[in-house]
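Right, one structure below, let's go through it.
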Amino acid sequence: MRVVSFFAGCGGLDLGFEQAGFDVVWANEFEPHCRATYLRNHPDTEFVLGDICKIDPASIPDCDGFIGGPPCQSWSVAGKQKGLEDERGQLFLKYIDMIEAITQNFLVREDDEIEYGKKSSKHDLPIDLTKNLLICNVKKDNWEQYLDGTAKIYYTGKKFPTTVALNKLYYFMPYLSGKGIRDLYYIKIARLGYRKEGQENEDKNDLRLVFEIERVGQLFDDYKKVKLEIWRTFTDTTMEKIANL
């Protein structure tokens with residue numbers, strides 16, 4: 001699969017993707033001292049040195065996915081935490097603009113946990129109320145990993161609603177039938193995979209969408225019941241609508 005890389009640095013993240021079988025066809029980095037190291041380790045990648053804010057989306061080659069780690073200094077607890085008041089803190093917005101301008105099947109974003117908007121009044125979670133959220137029904141035989149918060153992956157099943165814009169998804173909440181929703185997860189990557197991938201009985205004809213997820217925390221004190229809108233299996237919404245339940 002073809003991927004393009006932003007905030008590429010010396011190419012560490014890109015190297016990992018290449019070792020995993022991806023083809024990094026294009027990369028962008030602002031810091032000139034990174035260029036020589038990057039090109040030495042990624043000689044076949046088109047390297048664009050310059051400001052992401054000055055890049056025309058039309059100049060970026062066709063790709064299957066985006067990877068990148070926007071600067072974290074403006075948000076890190078080790079810094080002054082100026083957020084959007086710092087120019088570096090605004091760069092992730094440009095990254096989002098690029099994501100929305102170019103069609104791709106997945107994205108990977110590496111950064112800190114960031115407080116973009118306001119926090120949950122109950123649990124002080126670092127949540128962005130403007131981001132899209134997907135609520136997904138979880139089969140009962142998979143409940144244990146969601147009840148104890150150890151879930152790392154969600155398989156959507158063979159069918160997935162085409163109305164859901166994958167490149168806009170940011171958060172995930174598991175829906176437990178009869179209980180509802182409670183815990184919030186961050187979607188690290190959305191990709192294609194197999195229900196029993198890595199196991200001896202995996203079926204490569206059983207292709208489905210896979211979310212790799214990471215728990216942010218408990219959004220509600222107890223489970224809240226909601227109505228699943230799509231096939232009684234999914235609800236595509238925003239954090240603002242759910243946080244105000």
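Residue numbering restarts at 1 in every chain; chains get A, B, ... in the order shown in the structure tokens, and ligands count up from 1 in that same order.
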Hey, what's within 8 Å of Arg195 (chain A) if we count only C-alpha atoms and toss same-chain stuff fewer than 5 positions away? As an NGL selection string, please?
-> :A and (155 or 157 or 202-203 or 206-208)
Atoms to include: C-alpha atoms. Write the selected residues as a PDB file, in the first residue's frame.
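Output file again-v4.pdb is given in full below:
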```
ATOM      1  CA  TYR A 155     -13.492  -5.812  13.941  1.00  0.00           C
ATOM      2  CA  GLY A 157     -17.841  -7.385  10.577  1.00  0.00           C
ATOM      3  CA  GLU A 202      -7.373 -17.111   9.525  1.00  0.00           C
ATOM      4  CA  ASP A 203      -9.440 -16.776   6.349  1.00  0.00           C
ATOM      5  CA  ASP A 206     -12.994 -12.889   5.225  1.00  0.00           C
ATOM      6  CA  LEU A 207     -11.943  -9.276   4.633  1.00  0.00           C
ATOM      7  CA  ARG A 208     -13.312  -6.597   6.932  1.00  0.00           C
TER       8      ARG A 208
END
```
May I have the residues within 9 Å of Leu169 (chain A) as an MDAnalysis selection string, using only C-alpha atoms and disregarding those fewer than 6 positions away in the same chain?
-> chainID A and resid 131:134 187 190 236
With C-alpha atoms retained, export the selected residues as a PDB file, in the first residue's frame.
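Final file, selection.pdb:
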```pdb
ATOM      1  CA  LYS A 131     -14.333  15.418  16.491  1.00  0.00           C
ATOM      2  CA  ASN A 132     -16.354  12.608  14.945  1.00  0.00           C
ATOM      3  CA  LEU A 133     -17.245   9.606  17.061  1.00  0.00           C
ATOM      4  CA  LEU A 134     -18.341   6.142  15.993  1.00  0.00           C
ATOM      5  CA  ILE A 187      -8.947   5.389  16.923  1.00  0.00           C
ATOM      6  CA  ALA A 190      -8.470   2.156  10.495  1.00  0.00           C
ATOM      7  CA  ASP A 236     -21.924   8.049  13.464  1.00  0.00           C
TER       8      ASP A 236
END
```
Residue neighbourhood region 48-51 of chain A, 7 Å, only C-alpha atoms, exclusion window fewer than 4 positions, as a ChimeraX atom specification = /A:27-30,32,55
Would you mind exporting N, CA and C atoms of the selected residues as a PDB file, in the first residue's frame?
```pdb
ATOM      1  N   ALA A  27       7.230  12.311   1.142  1.00  0.00           N
ATOM      2  CA  ALA A  27       7.377  12.750   2.528  1.00  0.00           C
ATOM      3  C   ALA A  27       7.657  14.241   2.577  1.00  0.00           C
ATOM      4  N   ASN A  28       7.196  14.876   3.656  1.00  0.00           N
ATOM      5  CA  ASN A  28       7.401  16.309   3.858  1.00  0.00           C
ATOM      6  C   ASN A  28       7.992  16.571   5.237  1.00  0.00           C
ATOM      7  N   GLU A  29       9.000  17.467   5.290  1.00  0.00           N
ATOM      8  CA  GLU A  29       9.622  17.866   6.543  1.00  0.00           C
ATOM      9  C   GLU A  29      10.110  19.304   6.408  1.00  0.00           C
ATOM     10  N   PHE A  30       9.978  20.075   7.492  1.00  0.00           N
ATOM     11  CA  PHE A  30      10.352  21.490   7.482  1.00  0.00           C
ATOM     12  C   PHE A  30      11.822  21.707   7.856  1.00  0.00           C
ATOM     13  N   PRO A  32      15.599  21.434   7.685  1.00  0.00           N
ATOM     14  CA  PRO A  32      16.561  21.040   6.644  1.00  0.00           C
ATOM     15  C   PRO A  32      17.620  20.043   7.102  1.00  0.00           C
ATOM     16  N   ILE A  55       2.133  23.788   1.012  1.00  0.00           N
ATOM     17  CA  ILE A  55       2.041  22.660   0.089  1.00  0.00           C
ATOM     18  C   ILE A  55       0.652  22.595  -0.538  1.00  0.00           C
TER      19      ILE A  55
END
```
7 Å contact set for Val210 (chain A), only C-alpha atoms, chain neighbours under 3 positions out, as a PyMOL selection string | chain A and resi 154-156+190-193
Take the residues from that selection and write them out as a CSV table (one decimal), in the first residue's frame, keeping N, CA and C atoms.
```
chain,number,residue,atom,x,y,z
A,154,TYR,N,-10.9,-3.6,17.2
A,154,TYR,CA,-12.3,-3.8,17.0
A,154,TYR,C,-12.5,-4.2,15.5
A,155,TYR,N,-13.2,-5.4,15.3
A,155,TYR,CA,-13.5,-5.8,13.9
A,155,TYR,C,-14.9,-5.5,13.6
A,156,THR,N,-15.2,-4.8,12.5
A,156,THR,CA,-16.5,-4.3,12.3
A,156,THR,C,-17.5,-5.3,11.7
A,190,ALA,N,-7.4,3.0,11.1
A,190,ALA,CA,-8.5,2.2,10.5
A,190,ALA,C,-7.9,1.5,9.3
A,191,ARG,N,-8.0,0.2,9.2
A,191,ARG,CA,-7.4,-0.6,8.1
A,191,ARG,C,-8.2,-1.8,7.7
A,192,LEU,N,-7.8,-2.4,6.6
A,192,LEU,CA,-8.4,-3.7,6.3
A,192,LEU,C,-7.7,-4.8,7.0
A,193,GLY,N,-8.5,-5.9,7.3
A,193,GLY,CA,-7.9,-7.0,8.0
A,193,GLY,C,-8.8,-8.2,7.9
```
Minimum-distance residue to Ile96 (chain A), chosen among A:Lys158, A:Cys136, A:Asn167, A:Glu46 (using only C-alpha atoms) | A:Asn167
Could you give me, as a ChimeraX atom specification, the residues within 7 Å of Trp26 (chain A), counting only C-alpha atoms and dropping anything in the same chain fewer than 5 positions from it?
-> /A:4-5,45-47
Please write the residues from the selection above to a file, keeping N, CA and C atoms, as a PDB file, in the first residue's frame.
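Okay, result_31.pdb is ready:
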```
ATOM      1  N   VAL A   4       1.811   8.441   2.276  1.00  0.00           N
ATOM      2  CA  VAL A   4       2.564   9.692   2.264  1.00  0.00           C
ATOM      3  C   VAL A   4       2.775  10.119   3.713  1.00  0.00           C
ATOM      4  N   SER A   5       3.896  10.795   3.956  1.00  0.00           N
ATOM      5  CA  SER A   5       4.306  11.096   5.322  1.00  0.00           C
ATOM      6  C   SER A   5       4.468  12.594   5.528  1.00  0.00           C
ATOM      7  N   THR A  45      11.989   7.508  -1.876  1.00  0.00           N
ATOM      8  CA  THR A  45      10.865   8.361  -1.491  1.00  0.00           C
ATOM      9  C   THR A  45      11.079   9.786  -1.999  1.00  0.00           C
ATOM     10  N   GLU A  46      10.044  10.368  -2.575  1.00  0.00           N
ATOM     11  CA  GLU A  46      10.113  11.773  -2.979  1.00  0.00           C
ATOM     12  C   GLU A  46      10.059  12.629  -1.716  1.00  0.00           C
ATOM     13  N   PHE A  47      11.107  13.372  -1.447  1.00  0.00           N
ATOM     14  CA  PHE A  47      11.210  14.163  -0.227  1.00  0.00           C
ATOM     15  C   PHE A  47      10.992  15.639  -0.543  1.00  0.00           C
TER      16      PHE A  47
END
```
Write out as an MDAnalysis selection string the residues lying within 10 Å of Thr235 (chain A), counting only C-alpha atoms and excluding same-chain residues fewer than 4 positions away.
-> chainID A and resid 133:137 161 164 173 175 226:231
Could you please take those selected residues and save N, CA and C atoms as a short mmCIF file (atom, residue, chain, number, x, y, z; two decimals), in the first residue's frame?
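See part_9.cif below for the written result:
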```cif
data_model
loop_
_atom_site.label_atom_id
_atom_site.label_comp_id
_atom_site.auth_asym_id
_atom_site.auth_seq_id
_atom_site.Cartn_x
_atom_site.Cartn_y
_atom_site.Cartn_z
N LEU A 133 -17.24 10.77 16.17
CA LEU A 133 -17.25 9.61 17.06
C LEU A 133 -18.08 8.51 16.43
N LEU A 134 -17.59 7.29 16.49
CA LEU A 134 -18.34 6.14 15.99
C LEU A 134 -18.65 5.22 17.16
N ILE A 135 -19.95 4.96 17.38
CA ILE A 135 -20.39 4.01 18.39
C ILE A 135 -20.65 2.68 17.70
N CYS A 136 -20.09 1.60 18.22
CA CYS A 136 -20.20 0.30 17.57
C CYS A 136 -20.67 -0.77 18.55
N ASN A 137 -21.59 -1.57 18.11
CA ASN A 137 -22.09 -2.68 18.93
C ASN A 137 -21.00 -3.73 19.08
N PRO A 161 -21.22 0.53 7.04
CA PRO A 161 -22.00 1.55 6.31
C PRO A 161 -21.12 2.49 5.48
N VAL A 164 -20.33 6.37 6.40
CA VAL A 164 -19.37 6.81 7.41
C VAL A 164 -18.06 7.22 6.75
N MET A 173 -16.57 4.45 20.66
CA MET A 173 -17.17 4.01 21.91
C MET A 173 -17.86 2.66 21.69
N TYR A 175 -20.53 -0.20 22.30
CA TYR A 175 -21.91 -0.30 22.80
C TYR A 175 -22.14 -1.74 23.24
N VAL A 226 -28.21 4.37 24.53
CA VAL A 226 -28.45 5.18 23.33
C VAL A 226 -29.04 4.28 22.26
N LYS A 227 -29.64 4.89 21.27
CA LYS A 227 -30.22 4.14 20.16
C LYS A 227 -29.23 4.09 19.02
N LEU A 228 -28.85 2.88 18.62
CA LEU A 228 -27.96 2.74 17.48
C LEU A 228 -28.74 2.97 16.20
N GLU A 229 -28.24 3.86 15.36
CA GLU A 229 -29.03 4.36 14.23
C GLU A 229 -28.86 3.54 12.95
N ILE A 230 -27.68 2.99 12.70
CA ILE A 230 -27.41 2.30 11.44
C ILE A 230 -27.43 0.80 11.68
N TRP A 231 -28.46 0.15 11.14
CA TRP A 231 -28.63 -1.31 11.25
C TRP A 231 -28.66 -1.78 12.70
#
```
Residues within 9 Å of Tyr38 (chain A), only C-alpha atoms, excluding chain neighbours under 5 positions, as a compact mmCIF listing (two decimals) with N, CA and C atoms, in the first residue's frame:
```txt
# COMPACT_ATOMS: atom_id res chain seq x y z
N ALA A 8 7.89 14.36 8.74
CA ALA A 8 8.62 13.09 8.60
C ALA A 8 9.89 13.02 9.43
N GLY A 9 10.48 14.17 9.79
CA GLY A 9 11.72 14.14 10.54
C GLY A 9 12.80 13.39 9.78
N CYS A 10 13.56 12.57 10.50
CA CYS A 10 14.60 11.76 9.87
C CYS A 10 14.06 10.45 9.30
N GLY A 11 12.77 10.20 9.50
CA GLY A 11 12.14 9.04 8.86
C GLY A 11 11.97 7.82 9.72
N GLY A 12 11.97 7.96 11.04
CA GLY A 12 11.80 6.81 11.92
C GLY A 12 10.46 6.12 11.77
N PRO A 43 15.88 6.28 -0.01
CA PRO A 43 16.31 6.83 -1.30
C PRO A 43 15.22 6.83 -2.38
N PHE A 47 11.11 13.37 -1.45
CA PHE A 47 11.21 14.16 -0.23
C PHE A 47 10.99 15.64 -0.54
```
Give me, please, the distance in Å between CA of Tyr146 (chain A) and CA of Lys204 (chain A), quoted to one decimal.
->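 Going from CA of Tyr146 (chain A) over to CA of Lys204 (chain A) covers 26.1 Å.
If you look at CA of Ile181 (chain A) and CA of Glu197 (chain A), they are 27.2 Å away from each other.
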Please indicate the distance in Å from CA of Leu209 (chain A) to CA of Phe17 (chain A), rounded to one decimal place.
->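 Distance reported for this atom pair: 19.1 Å.
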Of A:Leu39, A:Ile242, A:Ile127, A:Ile99, the one nearest to Arg182 (chain A) when counting only C-alpha atoms is A:Ile242
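Minimum atom-to-atom distances from A:Leu184, A:Phe160, A:Leu166, A:Gln218 to Thr233 (chain A) were compared using only C-alpha atoms, and the lowest value belongs to A:Phe160.
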Taking only C-alpha atoms into account, which of A:Phe220, A:Gln199, A:Pro174, A:Lys188 comes nearest Phe234 (chain A)?
->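 Between A:Phe220, A:Gln199, A:Pro174, A:Lys188, the residue approaching Phe234 (chain A) most closely is A:Pro174.
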Would you mind writing down, as a PyMOL selection string, each residue of region 121-227 of chain A that DSSP on the backbone assigns to strand (DSSP E or B)?
-> chain A and resi 132-138+153-155+169-176+180-181+183-194+207-218+224
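If only C-alpha atoms are the atoms counted, then among A:Asp62, A:Asp221, A:Glu100, A:Asp23 the closest residue to Ala165 (chain A) is A:Glu100.
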